[in-house]
Structures are given as structure tokens and as C-alpha cells.
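Accompanying notes for the structure given below.
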Amino acid sequence: MNSSAVAPAKSSDFIRDIINDDLEAGRHKKVITRFPPEPNGFLHIGHAKSICLNFGIALEYREKLPDSGTRCHLRFDDTDPIKEDTLFEDGIQEDIRWLGFDWDGLYHASDYFEKMYEYAEHLITAGKAYVCSLSDPEIKEYRGSVTTPGRESPYRTRSVEENIDLFRRMRAGEFKDGEHVLRGKADMSNPNMKMRDPLLYRIRHTEHHMTGATWCIYPMYDYAHPISDAIEGITHSICTLEFENNRELYDWVVDNLIDYAKFPSCPHQYEFARLNLNYTVMSKRRLLELVEGKHVRGWDDPRLPTIAGLRRRGYTPESIRAFCTSVGVAKANSTVDMAQLEFCIRDDLNHKAPRVLAVLKPLKVVIENYPDTDVEELDASYWPHDVPKEGTRKVPFCREIYIEQDDFMLEPPKDYFRLAPGKEVRLRYAYCITCTDIIKDSNGAVVEVRCTYDPDTRPGSNPVNRKVKGTIHWVSARHAVDAEVRLYDRLLLEEAAPAGKDSEFLHSINPNALQVLNNCKLERSLATSQPGDRFQFERQGYFIADSKDSKPGAPVFNRIVTLKDSWARSQKK
RNA sequence: UGGGGCGUCGCCAAGUGGUAAGGCACCUGGUUUUGGUCCAGGCAUUCCGAGGUUCGAAUCCUUGCGCCCCAGCCA
């Protein structure tokens with residue numbers, strides 16, 4: 001792993017504490033984790049937290065326990081054939097690899113369907129499971145509520161022989177969907193609803209993307225997951241908080257099977273708080289709704305917190321890993337500030353992205369005392385003094401240039417360092433210019449600024465006493481490369497999406513989350529930029545040539561993140 | 001009126017009886033041809049509240065309060 005953005009001295013959390021404890025007590029000699037996504041959607045940054053945790057632990061402990069067999073599996077939790085697809089598996093694998101991780105073994109829960117079936121028969125034989133023929137609504141009714149105990153199913157007392165016969169016929173396809181289910185015989189009055197005779201198998205006459213038409217009964221998550229873990233020898237099964245109630249059932253399954261199945265490990269489940277970010281949505285349902293409702297341009301829309309979206313937006317894997325490390329792992333529900341993510345990408349790109357000049361909202365400047373026929377090739381460093389990297393390019397300087405509209409003000413406040421009538425600014429890597437006149441259109445808007453330049457301020461030959469506070473970026477009009485630039489901002493207007501179950505959160509979408517600029521002027525050197533190239537557009541932010549739409553000669557850039565802007569901040573007050 | 005969890009600075013988060021780490025954000029000053037970076041400094045007498053135990057409590061006890069999760073043949 002090549003994490004350079006943040007190298008925490010010692011990252012510890014309650015899960016690593018547990019692992020250390022288990023190791024010291026001799027309960028385990030190796031650590032095996034797994035990342036178990038359901039292949040029914042795309043990964044988002046919340047998954048990245050889990051990926052960093054599970055794969056990160058394997059990496060760390062493999063170093064501490066070489067040759068121990070410490071590892072992390074990728075396992076697709078594919079127990080519901082209705083929602084799952086190979087397409088998603090490919091995307092998930094790509095995202096994990098892109099994040100910088102590799103799995104020690106790729107598995108599917110469906111690899112174990114035959115074993116699971118065998119174990120189910122064992123459970124029946126042991127009197128721990130039965131075929132229940134209650135209807136869906138009846139099962140719900142018998143389950144009781146959180147405040148009232150459930151009632152036992154009338155089918156609970158079926159004989160082992162009858163149960164086995166029925167279960168085999170379920171497998172053979174003799175029954176329709178919903179006619180029977182296999183249930184664990186646990187405790188209908190358990191205050192933990194998950195323990196009220198949990199469903200283990202349901203009938204689904206649906207082809208599975210891995211097993212095809214082999215099965216028409218499929219195991220439920222609560223049954224399949226602990227078994228998959230145990231078969232793979234998982235030692236620490238890490239999941240999110242909403243599964244806390246399921247842990248008792250997880251243990252029930254393992255306990256009832258471990259002697260019979262001779263599992264290589266007795267896995268235990270530990271839960272941590274999932275990641276939430278403000279000003280965006282993280283749930284599969286909402287992400288799906290945004291994509292299918294065409295509110296964004298697909299799963300990799302840079303407005304989305306999906307891994308694919310962040311990648312296209314220009315986030316680096318290092319920055320996402322650093323972010324996951326920085327937020328920690330704990331059990332308190334929390335919502336991390338987007339500013340923390342933004343810090344991580346700025347921090348990473350600061351020393352990775354070469355600086356270039358680009359004018360996003362151009363304003364023409366004519367330098368009246370500069371000969372129209374002249375062109376000067378000025379040296380411009382790709383790196384600021386504080387980044388220890390070499391590299392320069394030439395930027396052409398001419399009589400007509402573009403500057404940023406925001407860098408000119410008719411009536412500026414005292415602390416405005418940029419261009420204004422009668423005021424002087426430094427052009428980055430070039431001369432100082434002074435505004436002598438302005439040209440307005442019929443509406444009174446400034447369409448052109450006239451300036452004079454001071455030949456004495458040529459870079460490298462500055463007059464000693466020259467104090468010019470402001471430096472602005474610019475691009476030679478004659479040499480500028482036209483480009484489209486997509487300015488991205490937070491997805492939502494509000495910190496938290498409205499909680500409603502309906503599509504209410506759609507009203508909270510920030511209409512300016514994407515702003516497309518079509519008249520941008522880039523410095524000449526950017527004409528040949530390749531998709532995926534990242535730059536800092538000086539004074540503005542970090543940008544990446546879009547992986548899909550940018551072409552050499554016709555660049556399209558995405559804004560990854562703005563630079564911090566203390567001027568803008570002070571102006572808001 | 002059930003059960004399982006959680007409550008430490010605006011946002012994360014260490015801390016597990018010895019007198020509140022760190023990061024983000026924010027504020028101040030310095031450096032600076034990016035109002036960026038970097039550097040220096042500031043930012044919880046207090047840990048959801050109230051009692052109690054103790055020489056000493058965020059950490060132990062009691063008792064309130066608040067928030068999250070569980071009644072899919074989803075995961």
C-alpha cells in the first residue's frame with residue numbers, strides 16, 4: 001500500500017483492541033477478516049470505510065504475524081437472486097482495486113449453498129429447525145411486536161421426518177414461492193425479535209447469477225453469513241451497528257453447527273458505526289433513486305459519494321484512505337463534516353498536482369503599451385517553492401490576455417488586492433499591470449479592461465521597493481485553449497437529507513451542485529492534457545481532465561475541490 | 001410499559017480511578033509572485049443532567065434525560 005497523504009503513527013480502535021486481546025490470550029494465532037458486499041449496487045465511501053478497516057487489519061496483522069495465514073477475503077453475499085447481478089460484482093472489484101486493496105481469495109456465499117443445505121438438514125435432525133407453512137402475513141402476526149411476545153407457529157411441532165421430507169421437497173421445487181419456509185427453532189418470546197424463530201430458507205423460483213437454476217430455495221442472510229464466515233475461517237466478522245441485534249442469531253447458528261460442521265474457526269461478529277457525511281446521501285435506496293430518476297448522470301456522477309463518482313471527480317485513492325483513517329472507528333452514530341474529506345484531497349494533491357494557469361470566467365485585458373506583434377515566452381514553475389519538485393514550462397505573454405472576472409472590481413473595498421481602476425497587480429510569472437480604463441457594454445457591464453504594464457517588473461528583475469500585494473492568474477488570449485469546465489459543489493443544500501421515506505430528499509438537491517462553464521481559457525500547455533491528469537488551477541482549486549469526455553485538443557475539466565479561500569470567507573461576513 | 005446500542009469542543013475522536021490526546025473547522029500573527037501551502041499561537045476548569053462512593057471520577061454506583069437499531073420470505 002502506498003498511502004502517502006496521512007501516515008498515522010498508530011491507528012488503534014476498539015476492534016483492533018479486541019484483536020490484540022484475542023491474540024495475546026491465544027484465542028487466535030492469525031486474523032482473518034472479510035469484506036462482504038451484496039452485489040446489488042455500487043460501492044460508496046461508506047463501504048470504503050469498511051474496506052479500509054477489513055483489508056487494513058489484514059495488512060497490519062500480516063506484518064505482525066508473518067506466515068500465519070492472516071488475510072482478508074472478498075466475499076459476495078449473494079443470497080437473494082432477485083436483486084443481484086454479475087455486473088455489480090465487476091464494479092465492486094474495480095473499486096476495491098482502485099482503492100489500493102487486493103483480496104486473498106474471492107468467494108461467494110453461493111459457493112456454500114450445498115453445505116448450507118446439508119447443515120440445514122442437520123439442524124432439522126437436531127430438532128433445531130422446522131418447515132413452517134404459515135403465510136407471509138401470518139408469520140408476521142405470529143412474530144408479535146417489540147413490546148409483545150410472539151406465538152409459536154402451529155407447524156413448530158412437526159416431526160423430524162416430516163420436516164426433512166418437506167424440506168427436501170422444497171429443494172426439489174415441489175412448492176410455489178412463499179408456500180413454506182425453513183425456520184430456526186429458537187424462542188418466540190425472546191425480547192430480541194431476531195430470535196423469534198428466524199427464517200432460514202425461503203422458496204424463490206428465480207435463477208441465480210452464479211448458480212443458475214440449481215436452486216429454488218435460498219438461504220437468508222442471518223443463516224448464510226455466519227456459515228460463510230465459519231467455513232472461510234473468519235476470525236473477526238466486522239459489520240455495522242444495525243446488525244447488533246443479529247449477533248445473537250449469528251452465534252446461535254454457529255453454536256448449533258460448529259460441532260457437526262467442524263468449522264476451521266469460531267467467528268465472532270463486531271459492529272462499528274457506519275460512515276455518514278453531511279450534505280450528501282449514502283443509502284443505497286437514495287443513490288439508486290438519484291441515478292434512476294436521472295437527477296445525476298449515472299453511478300459515476302462526480303456529485304455522488306460513490307467510489308466511481310469520487311474517482312471521476314478526481315479524488316485519489318490515497319486521499320480516501322487517509323480520510324477513512326482520520327475519521328476513526330467507533331460505535332457512536334456520527335456524521336462527518338464534508339470539510340474533512342475535502343481537507344484530505346487538498347492535502348494529497350498539494351504536492352501531487354502541478355500548478356497551471358486557467359481562467360474560468362474570462363475578462364479581456366488589453367495592455368496598451370505592449371506591442372501587438374510581441375510575444376514573450378516566460379518561465380513558469382509547475383511547483384510552488386514549498387513543494388520540492390522540479391519542472392517548468394513556458395507561458396506566452398501578449399498584448400491581450402484574459403483574467404478572472406472576480407479579479408477585477410469597479411469599486412473595491414480597501415482590502416481588495418486585485419485589479420481595479422487605477423490599481424496595480426502582479427500577473428503571475430509576468431509583469432505588473434495597472435488599470436487605466438474600462439470598457440462597458442450597453443448594460444453597463446465591464447467587458448474589457450485597459451491596462452499598462454511596467455517593463456521594469458519583468459520576473460527576475462523587480463525594482464527593489466516594488467510592493468504589489470496582489471498576484472492574479474491570466475492566460476494569453478492569442479494562445480488560450482478553449483475548454484469546458486465542470487464546477488462541482490455539495491450535492492445537497494441541507495446538512496442532512498430530510499428523513500422522509502418518500503423522495504422528499506430530492507427537494508434538497510443543490511441546483512448548483514454542477515455548474516458547466518463553456519468559455520474557459522486554459523494556458524497553452526493544457527492542450528495536450530490526457531484524461532485523468534490532475535492540476536491545480538492556481539488560486540482556484542484542483543481539477544482533473546474528465547475520464548470520459550476530455551480529449552486532447554478539446555479538454556473537459558472537473559473541479560475536484562476548491563482551494564481554501566480566506567478572502568471569500570471574509571467577504572461572506 | 002420489550003430488547004440491543006450510544007451520549008467527551010461546531011464535526012470526528014482518544015481516554016478504562018490520578019487530575020481532558022489528536023485531526024477537521026474556526027480565530028490571531030509570521031512567511032509567501034497562489035488571499036494556497038507552511039510556521040507560531042489560540043480554541044472543553046470540563047466530559048448528557050442530578051445525586052453518591054473516593055484523598056481523587058469523563059472513567060465506579062444510583063437515578064433521570066436524549067438519540068440510534070430491531071416487528072422484510074432484504075442485507
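All residue names refer to the C-alpha cells as shown: chains lettered A, B, ... in order, residues numbered from 1 in each chain, ligands numbered from 1 in order.
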
Env of Tyr61 of chain A: 9 Å cut, atoms = only C-alpha atoms (C1' of nucleotides), seq-sep filter 3 positions within chain, self excluded. Answer as a PDB file with all heavy atoms, in the first residue's frame.
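And here is the file that came out, out.pdb:
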```pdb
ATOM      1  N   LYS A  30      -3.962 -16.208  14.139  1.00  0.00           N
ATOM      2  CA  LYS A  30      -3.977 -15.412  12.914  1.00  0.00           C
ATOM      3  C   LYS A  30      -5.278 -14.637  12.876  1.00  0.00           C
ATOM      4  O   LYS A  30      -6.198 -14.908  13.645  1.00  0.00           O
ATOM      5  CB  LYS A  30      -3.871 -16.317  11.697  1.00  0.00           C
ATOM      6  CG  LYS A  30      -5.007 -17.327  11.597  1.00  0.00           C
ATOM      7  CD  LYS A  30      -4.779 -18.301  10.467  1.00  0.00           C
ATOM      8  CE  LYS A  30      -5.750 -19.476  10.573  1.00  0.00           C
ATOM      9  NZ  LYS A  30      -5.391 -20.571   9.698  1.00  0.00           N
ATOM     10  N   VAL A  31      -5.322 -13.671  11.990  1.00  0.00           N
ATOM     11  CA  VAL A  31      -6.520 -12.846  11.868  1.00  0.00           C
ATOM     12  C   VAL A  31      -7.049 -12.973  10.448  1.00  0.00           C
ATOM     13  O   VAL A  31      -6.317 -12.769   9.485  1.00  0.00           O
ATOM     14  CB  VAL A  31      -6.199 -11.362  12.162  1.00  0.00           C
ATOM     15  CG1 VAL A  31      -7.454 -10.511  12.049  1.00  0.00           C
ATOM     16  CG2 VAL A  31      -5.573 -11.222  13.545  1.00  0.00           C
ATOM     17  N   GLY A  56      -7.326  -3.305   5.809  1.00  0.00           N
ATOM     18  CA  GLY A  56      -6.261  -2.665   6.572  1.00  0.00           C
ATOM     19  C   GLY A  56      -5.806  -3.534   7.730  1.00  0.00           C
ATOM     20  O   GLY A  56      -4.608  -3.672   7.990  1.00  0.00           O
ATOM     21  N   ILE A  57      -6.750  -4.125   8.417  1.00  0.00           N
ATOM     22  CA  ILE A  57      -6.415  -5.008   9.536  1.00  0.00           C
ATOM     23  C   ILE A  57      -5.582  -6.188   9.041  1.00  0.00           C
ATOM     24  O   ILE A  57      -4.566  -6.546   9.642  1.00  0.00           O
ATOM     25  CB  ILE A  57      -7.703  -5.496  10.238  1.00  0.00           C
ATOM     26  CG1 ILE A  57      -8.250  -4.370  11.127  1.00  0.00           C
ATOM     27  CG2 ILE A  57      -7.438  -6.754  11.056  1.00  0.00           C
ATOM     28  CD1 ILE A  57      -9.610  -4.665  11.717  1.00  0.00           C
ATOM     29  N   ALA A  58      -6.007  -6.776   7.932  1.00  0.00           N
ATOM     30  CA  ALA A  58      -5.265  -7.920   7.396  1.00  0.00           C
ATOM     31  C   ALA A  58      -3.822  -7.529   7.064  1.00  0.00           C
ATOM     32  O   ALA A  58      -2.877  -8.253   7.379  1.00  0.00           O
ATOM     33  CB  ALA A  58      -5.970  -8.471   6.158  1.00  0.00           C
ATOM     34  N   LYS A  64       2.622  -8.166  11.440  1.00  0.00           N
ATOM     35  CA  LYS A  64       2.964  -8.591  12.806  1.00  0.00           C
ATOM     36  C   LYS A  64       3.067 -10.107  12.911  1.00  0.00           C
ATOM     37  O   LYS A  64       3.801 -10.622  13.753  1.00  0.00           O
ATOM     38  CB  LYS A  64       1.886  -8.108  13.792  1.00  0.00           C
ATOM     39  CG  LYS A  64       1.842  -6.601  13.976  1.00  0.00           C
ATOM     40  CD  LYS A  64       0.765  -6.222  14.985  1.00  0.00           C
ATOM     41  CE  LYS A  64       0.577  -4.714  15.024  1.00  0.00           C
ATOM     42  NZ  LYS A  64      -0.616  -4.311  15.800  1.00  0.00           N
ATOM     43  N   LEU A  65       2.266 -10.796  12.098  1.00  0.00           N
ATOM     44  CA  LEU A  65       2.220 -12.255  12.175  1.00  0.00           C
ATOM     45  C   LEU A  65       2.519 -12.872  10.811  1.00  0.00           C
ATOM     46  O   LEU A  65       1.645 -13.443  10.171  1.00  0.00           O
ATOM     47  CB  LEU A  65       0.825 -12.718  12.633  1.00  0.00           C
ATOM     48  CG  LEU A  65       0.263 -12.105  13.918  1.00  0.00           C
ATOM     49  CD1 LEU A  65      -1.220 -12.383  14.038  1.00  0.00           C
ATOM     50  CD2 LEU A  65       1.008 -12.656  15.132  1.00  0.00           C
ATOM     51  N   PRO A  66       3.756 -12.745  10.378  1.00  0.00           N
ATOM     52  CA  PRO A  66       4.090 -13.264   9.048  1.00  0.00           C
ATOM     53  C   PRO A  66       3.881 -14.783   8.981  1.00  0.00           C
ATOM     54  O   PRO A  66       4.056 -15.477   9.979  1.00  0.00           O
ATOM     55  CB  PRO A  66       5.569 -12.880   8.882  1.00  0.00           C
ATOM     56  CG  PRO A  66       6.074 -12.566  10.239  1.00  0.00           C
ATOM     57  CD  PRO A  66       4.910 -12.166  11.075  1.00  0.00           C
ATOM     58  N   THR A  70      -2.796 -14.878   8.039  1.00  0.00           N
ATOM     59  CA  THR A  70      -3.625 -13.686   8.215  1.00  0.00           C
ATOM     60  C   THR A  70      -4.006 -13.116   6.857  1.00  0.00           C
ATOM     61  O   THR A  70      -3.151 -12.949   5.985  1.00  0.00           O
ATOM     62  CB  THR A  70      -2.840 -12.639   9.039  1.00  0.00           C
ATOM     63  OG1 THR A  70      -2.734 -13.106  10.387  1.00  0.00           O
ATOM     64  CG2 THR A  70      -3.542 -11.288   9.023  1.00  0.00           C
ATOM     65  N   ARG A  71      -5.290 -12.848   6.682  1.00  0.00           N
ATOM     66  CA  ARG A  71      -5.727 -12.397   5.366  1.00  0.00           C
ATOM     67  C   ARG A  71      -7.121 -11.762   5.403  1.00  0.00           C
ATOM     68  O   ARG A  71      -7.792 -11.796   6.430  1.00  0.00           O
ATOM     69  CB  ARG A  71      -5.727 -13.570   4.390  1.00  0.00           C
ATOM     70  CG  ARG A  71      -6.629 -14.723   4.810  1.00  0.00           C
ATOM     71  CD  ARG A  71      -6.467 -15.917   3.863  1.00  0.00           C
ATOM     72  NE  ARG A  71      -7.453 -16.950   4.113  1.00  0.00           N
ATOM     73  CZ  ARG A  71      -7.264 -17.975   4.948  1.00  0.00           C
ATOM     74  NH1 ARG A  71      -6.131 -18.075   5.617  1.00  0.00           N
ATOM     75  NH2 ARG A  71      -8.206 -18.875   5.102  1.00  0.00           N
TER      76      ARG A  71
END
```

_I'd like the contact shell of segment 5-7 of chain B - 7 Å cut-off, only C-alpha atoms (C1' of nucleotides), skipping same-chain residues fewer than 3 positions apart - returned as a PyMOL selection string._
(chain A and resi 331-332) or (chain B and resi 48)

*chain A residues within 6 Å of chain B, counting only C-alpha atoms (C1' of nucleotides): which ones, as a list of chain:residue names?*
A:Ser145, A:Val146, A:Thr147, A:Pro191, A:Asn192, A:Arg202, A:Glu242, A:Asn245, A:Val327, A:Ala332, A:Val336, A:Asp337, A:Gln340, A:Arg428, A:Glu538, A:Arg539, A:Ser566, A:Trp567

*Report as a list in words: the residues of segment 319-366 of chain A with a DSSP assignment of helix (DSSP H, G or I), based on the backbone of this structure.*
Ser319, Ile320, Arg321, Ala322, Phe323, Cys324, Thr325, Ser326, Val327, Met338, Ala339, Gln340, Leu341, Glu342, Phe343, Cys344, Ile345, Arg346, Asp347, Asp348 and Leu349 of chain A

Give me a file of those residues, with N, CA, C and O atoms, as a compact mmCIF listing (two decimals), in the first residue's frame.
```txt
# COMPACT_ATOMS: atom_id res chain seq x y z
N SER A 319 -6.21 9.74 -0.84
CA SER A 319 -6.96 10.72 -0.05
C SER A 319 -8.16 10.06 0.63
O SER A 319 -8.51 10.42 1.75
N ILE A 320 -8.76 9.10 -0.02
CA ILE A 320 -9.91 8.43 0.57
C ILE A 320 -9.46 7.53 1.72
O ILE A 320 -10.09 7.46 2.77
N ARG A 321 -8.33 6.88 1.53
CA ARG A 321 -7.79 6.07 2.62
C ARG A 321 -7.42 6.93 3.81
O ARG A 321 -7.69 6.59 4.96
N ALA A 322 -6.80 8.05 3.52
CA ALA A 322 -6.42 8.96 4.61
C ALA A 322 -7.66 9.44 5.35
O ALA A 322 -7.68 9.54 6.58
N PHE A 323 -8.69 9.70 4.59
CA PHE A 323 -9.94 10.15 5.19
C PHE A 323 -10.50 9.07 6.12
O PHE A 323 -10.89 9.34 7.25
N CYS A 324 -10.52 7.84 5.63
CA CYS A 324 -11.06 6.74 6.44
C CYS A 324 -10.26 6.57 7.71
O CYS A 324 -10.82 6.28 8.78
N THR A 325 -8.97 6.74 7.62
CA THR A 325 -8.14 6.66 8.82
C THR A 325 -8.47 7.81 9.76
O THR A 325 -8.58 7.62 10.97
N SER A 326 -8.67 8.98 9.19
CA SER A 326 -8.85 10.16 10.03
C SER A 326 -10.18 10.14 10.79
O SER A 326 -10.28 10.76 11.85
N VAL A 327 -11.20 9.49 10.26
CA VAL A 327 -12.48 9.51 10.96
C VAL A 327 -12.57 8.46 12.07
O VAL A 327 -13.44 8.54 12.93
N MET A 338 -18.15 17.17 5.60
CA MET A 338 -17.57 17.08 4.26
C MET A 338 -16.21 17.79 4.21
O MET A 338 -15.34 17.42 3.41
N ALA A 339 -16.04 18.80 5.04
CA ALA A 339 -14.79 19.56 5.05
C ALA A 339 -13.60 18.66 5.38
O ALA A 339 -12.47 18.92 4.97
N GLN A 340 -13.87 17.60 6.11
CA GLN A 340 -12.80 16.67 6.47
C GLN A 340 -12.33 15.89 5.24
O GLN A 340 -11.13 15.66 5.05
N LEU A 341 -13.27 15.51 4.41
CA LEU A 341 -12.93 14.82 3.15
C LEU A 341 -12.17 15.78 2.24
O LEU A 341 -11.18 15.42 1.61
N GLU A 342 -12.65 16.99 2.18
CA GLU A 342 -12.03 17.98 1.31
C GLU A 342 -10.61 18.30 1.75
O GLU A 342 -9.72 18.49 0.93
N PHE A 343 -10.42 18.32 3.05
CA PHE A 343 -9.07 18.52 3.56
C PHE A 343 -8.14 17.42 3.05
O PHE A 343 -7.01 17.69 2.63
N CYS A 344 -8.63 16.19 3.07
CA CYS A 344 -7.78 15.05 2.69
C CYS A 344 -7.36 15.11 1.22
O CYS A 344 -6.23 14.77 0.89
N ILE A 345 -8.24 15.53 0.35
CA ILE A 345 -7.86 15.58 -1.06
C ILE A 345 -6.95 16.78 -1.33
O ILE A 345 -6.00 16.69 -2.10
N ARG A 346 -7.19 17.89 -0.67
CA ARG A 346 -6.29 19.03 -0.83
C ARG A 346 -4.89 18.69 -0.33
O ARG A 346 -3.88 19.00 -0.95
N ASP A 347 -4.89 18.03 0.82
CA ASP A 347 -3.63 17.68 1.45
C ASP A 347 -2.81 16.76 0.56
O ASP A 347 -1.59 16.88 0.46
N ASP A 348 -3.48 15.86 -0.13
CA ASP A 348 -2.81 14.92 -1.00
C ASP A 348 -2.35 15.59 -2.30
O ASP A 348 -1.21 15.42 -2.75
N LEU A 349 -3.24 16.34 -2.88
CA LEU A 349 -2.95 16.95 -4.18
C LEU A 349 -1.96 18.12 -4.08
O LEU A 349 -1.32 18.48 -5.08
```

*asked:* Taking 2 positions as the minimum chain separation for residues in the same chain, which residues sit within 12 Å of Ala480 of chain A when counting only C-alpha atoms (C1' of nucleotides)? Answer as a ChimeraX atom specification.
replied: /A:357-360,362,364,395-398,400-403,474-478,482-483,519-527,553-554

*Please identify all polymer residues within 9 Å of A44 of chain B, counting only C-alpha atoms (C1' of nucleotides), omitting same-chain residues fewer than 3 positions from it, and present them as a PyMOL selection string.*
chain B and resi 8-9+20+47

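Atom CA of Ala545 of chain A sits 22.2 Å away from atom CA of Val387 of chain A.
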
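Between atom CA of Asn163 of chain A and atom CA of Leu249 of chain A the interatomic distance comes to 21.2 Å.
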
*Quick one: residues within 7 Å of segment 224-234 of chain A, only C-alpha atoms (C1' of nucleotides) counted, chain neighbours fewer than 5 positions away excluded, as a list in words?*
Ile32, Thr33, Ala109, Tyr112, Pro219, Tyr250, Val253, Val254, Phe263, Pro264, Ser265, Cys266 and Pro267 of chain A

May I have the residues from that selection written out with all heavy atoms, as an mmCIF file, in the first residue's frame?
```
data_model
loop_
_atom_site.group_PDB
_atom_site.id
_atom_site.type_symbol
_atom_site.label_atom_id
_atom_site.label_comp_id
_atom_site.auth_asym_id
_atom_site.auth_seq_id
_atom_site.Cartn_x
_atom_site.Cartn_y
_atom_site.Cartn_z
ATOM 1 N N ILE A 32 -8.317 -13.343 10.334
ATOM 2 C CA ILE A 32 -8.921 -13.419 9.008
ATOM 3 C C ILE A 32 -10.211 -12.590 9.002
ATOM 4 O O ILE A 32 -11.115 -12.830 9.803
ATOM 5 C CB ILE A 32 -9.227 -14.873 8.594
ATOM 6 C CG1 ILE A 32 -7.961 -15.743 8.739
ATOM 7 C CG2 ILE A 32 -9.733 -14.918 7.153
ATOM 8 C CD1 ILE A 32 -8.175 -17.209 8.407
ATOM 9 N N THR A 33 -10.225 -11.608 8.139
ATOM 10 C CA THR A 33 -11.401 -10.748 8.007
ATOM 11 C C THR A 33 -11.996 -10.937 6.619
ATOM 12 O O THR A 33 -11.447 -11.665 5.798
ATOM 13 C CB THR A 33 -11.020 -9.273 8.188
ATOM 14 O OG1 THR A 33 -9.998 -8.940 7.245
ATOM 15 C CG2 THR A 33 -10.495 -9.009 9.595
ATOM 16 N N ALA A 109 -21.084 -16.328 -1.208
ATOM 17 C CA ALA A 109 -21.899 -17.098 -0.263
ATOM 18 C C ALA A 109 -22.500 -18.289 -1.002
ATOM 19 O O ALA A 109 -22.657 -19.369 -0.444
ATOM 20 C CB ALA A 109 -22.999 -16.218 0.324
ATOM 21 N N TYR A 112 -21.274 -21.874 -1.028
ATOM 22 C CA TYR A 112 -21.540 -22.762 0.114
ATOM 23 C C TYR A 112 -22.987 -23.227 0.179
ATOM 24 O O TYR A 112 -23.402 -23.796 1.185
ATOM 25 C CB TYR A 112 -21.180 -22.044 1.419
ATOM 26 C CG TYR A 112 -19.870 -21.290 1.342
ATOM 27 C CD1 TYR A 112 -19.802 -19.929 1.649
ATOM 28 C CD2 TYR A 112 -18.691 -21.932 0.947
ATOM 29 C CE1 TYR A 112 -18.603 -19.230 1.564
ATOM 30 C CE2 TYR A 112 -17.495 -21.237 0.850
ATOM 31 C CZ TYR A 112 -17.460 -19.895 1.160
ATOM 32 O OH TYR A 112 -16.290 -19.208 1.070
ATOM 33 N N PRO A 219 -30.896 -19.407 1.066
ATOM 34 C CA PRO A 219 -30.730 -19.120 2.492
ATOM 35 C C PRO A 219 -30.847 -17.618 2.765
ATOM 36 O O PRO A 219 -30.549 -16.804 1.907
ATOM 37 C CB PRO A 219 -29.309 -19.600 2.787
ATOM 38 C CG PRO A 219 -28.595 -19.441 1.478
ATOM 39 C CD PRO A 219 -29.617 -19.723 0.419
ATOM 40 N N TYR A 250 -26.504 -14.857 14.966
ATOM 41 C CA TYR A 250 -25.222 -15.275 14.372
ATOM 42 C C TYR A 250 -24.591 -16.347 15.253
ATOM 43 O O TYR A 250 -24.192 -17.426 14.778
ATOM 44 C CB TYR A 250 -24.327 -14.036 14.283
ATOM 45 C CG TYR A 250 -22.974 -14.230 13.621
ATOM 46 C CD1 TYR A 250 -22.763 -13.798 12.313
ATOM 47 C CD2 TYR A 250 -21.907 -14.804 14.312
ATOM 48 C CE1 TYR A 250 -21.517 -13.931 11.708
ATOM 49 C CE2 TYR A 250 -20.665 -14.946 13.717
ATOM 50 C CZ TYR A 250 -20.472 -14.507 12.420
ATOM 51 O OH TYR A 250 -19.234 -14.642 11.826
ATOM 52 N N VAL A 253 -26.513 -19.720 15.227
ATOM 53 C CA VAL A 253 -26.223 -20.539 14.047
ATOM 54 C C VAL A 253 -24.872 -21.241 14.208
ATOM 55 O O VAL A 253 -24.759 -22.462 14.021
ATOM 56 C CB VAL A 253 -26.243 -19.689 12.753
ATOM 57 C CG1 VAL A 253 -25.732 -20.500 11.557
ATOM 58 C CG2 VAL A 253 -27.650 -19.164 12.473
ATOM 59 N N VAL A 254 -23.864 -20.479 14.582
ATOM 60 C CA VAL A 254 -22.527 -21.060 14.733
ATOM 61 C C VAL A 254 -22.530 -22.134 15.815
ATOM 62 O O VAL A 254 -22.047 -23.254 15.613
ATOM 63 C CB VAL A 254 -21.478 -19.975 15.056
ATOM 64 C CG1 VAL A 254 -20.131 -20.623 15.367
ATOM 65 C CG2 VAL A 254 -21.343 -18.999 13.893
ATOM 66 N N PHE A 263 -16.040 -26.467 11.713
ATOM 67 C CA PHE A 263 -15.553 -25.228 11.097
ATOM 68 C C PHE A 263 -14.103 -24.952 11.488
ATOM 69 O O PHE A 263 -13.708 -25.250 12.620
ATOM 70 C CB PHE A 263 -16.402 -24.031 11.551
ATOM 71 C CG PHE A 263 -17.819 -24.077 11.086
ATOM 72 C CD1 PHE A 263 -18.862 -23.858 11.984
ATOM 73 C CD2 PHE A 263 -18.128 -24.323 9.758
ATOM 74 C CE1 PHE A 263 -20.183 -23.877 11.570
ATOM 75 C CE2 PHE A 263 -19.467 -24.343 9.328
ATOM 76 C CZ PHE A 263 -20.493 -24.126 10.243
ATOM 77 N N PRO A 264 -13.343 -24.354 10.603
ATOM 78 C CA PRO A 264 -11.953 -24.017 10.935
ATOM 79 C C PRO A 264 -11.848 -22.870 11.941
ATOM 80 O O PRO A 264 -10.781 -22.640 12.498
ATOM 81 C CB PRO A 264 -11.352 -23.620 9.588
ATOM 82 C CG PRO A 264 -12.504 -23.278 8.721
ATOM 83 C CD PRO A 264 -13.659 -24.100 9.189
ATOM 84 N N SER A 265 -12.920 -22.140 12.137
ATOM 85 C CA SER A 265 -12.853 -21.084 13.152
ATOM 86 C C SER A 265 -14.214 -20.928 13.791
ATOM 87 O O SER A 265 -15.229 -21.383 13.265
ATOM 88 C CB SER A 265 -12.460 -19.734 12.530
ATOM 89 O OG SER A 265 -13.556 -19.194 11.813
ATOM 90 N N CYS A 266 -14.223 -20.328 14.953
ATOM 91 C CA CYS A 266 -15.478 -19.941 15.566
ATOM 92 C C CYS A 266 -15.539 -18.422 15.481
ATOM 93 O O CYS A 266 -15.009 -17.714 16.338
ATOM 94 C CB CYS A 266 -15.533 -20.401 17.020
ATOM 95 S SG CYS A 266 -17.044 -19.887 17.855
ATOM 96 N N PRO A 267 -16.130 -17.931 14.419
ATOM 97 C CA PRO A 267 -16.084 -16.491 14.171
ATOM 98 C C PRO A 267 -16.972 -15.706 15.133
ATOM 99 O O PRO A 267 -17.964 -16.227 15.633
ATOM 100 C CB PRO A 267 -16.615 -16.378 12.739
ATOM 101 C CG PRO A 267 -17.513 -17.557 12.570
ATOM 102 C CD PRO A 267 -16.905 -18.663 13.395
#
```

*How many Å separate atom CA of His108 of chain A from atom CA of His28 of chain A?*
24.4 Å

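If you measure from each of A:Gly328, A:Ser570, A:Thr86, A:Gly532 to Gly212 of chain A using only C-alpha atoms, the closest one turns out to be A:Thr86.
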
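On the backbone of this structure, DSSP gives strand (DSSP E) within segment 222-387 of chain A to His236, Ser237, Ile238, Cys239, Thr240, His268, Gln269, Tyr270, Glu271, Phe272, Arg355, Val356, Ala358, Val359, Pro362, Leu363, Lys364, Val365, Val366, Ile367, Glu376, Glu377, Leu378, Asp379, Ala380 and Ser381 of chain A.
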
_List the spatial neighbours of Ile96 of chain A as number ranges by chain - criterion: any atom at most 10 Å away, only C-alpha atoms (C1' of nucleotides), same-chain residues fewer than 2 positions off excluded._
A: 35, 43, 47-48, 51-52, 55, 74, 91-94, 98-103, 307, 317

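Neighbouring residues of Gly184 of chain A at 7 Å or closer, counting only C-alpha atoms (C1' of nucleotides) and skipping chain neighbours under 2 positions away, are Lys128, Ala129, Tyr130, Leu182, Ala186, Asp197, Pro198, Leu199 and Leu200 of chain A.
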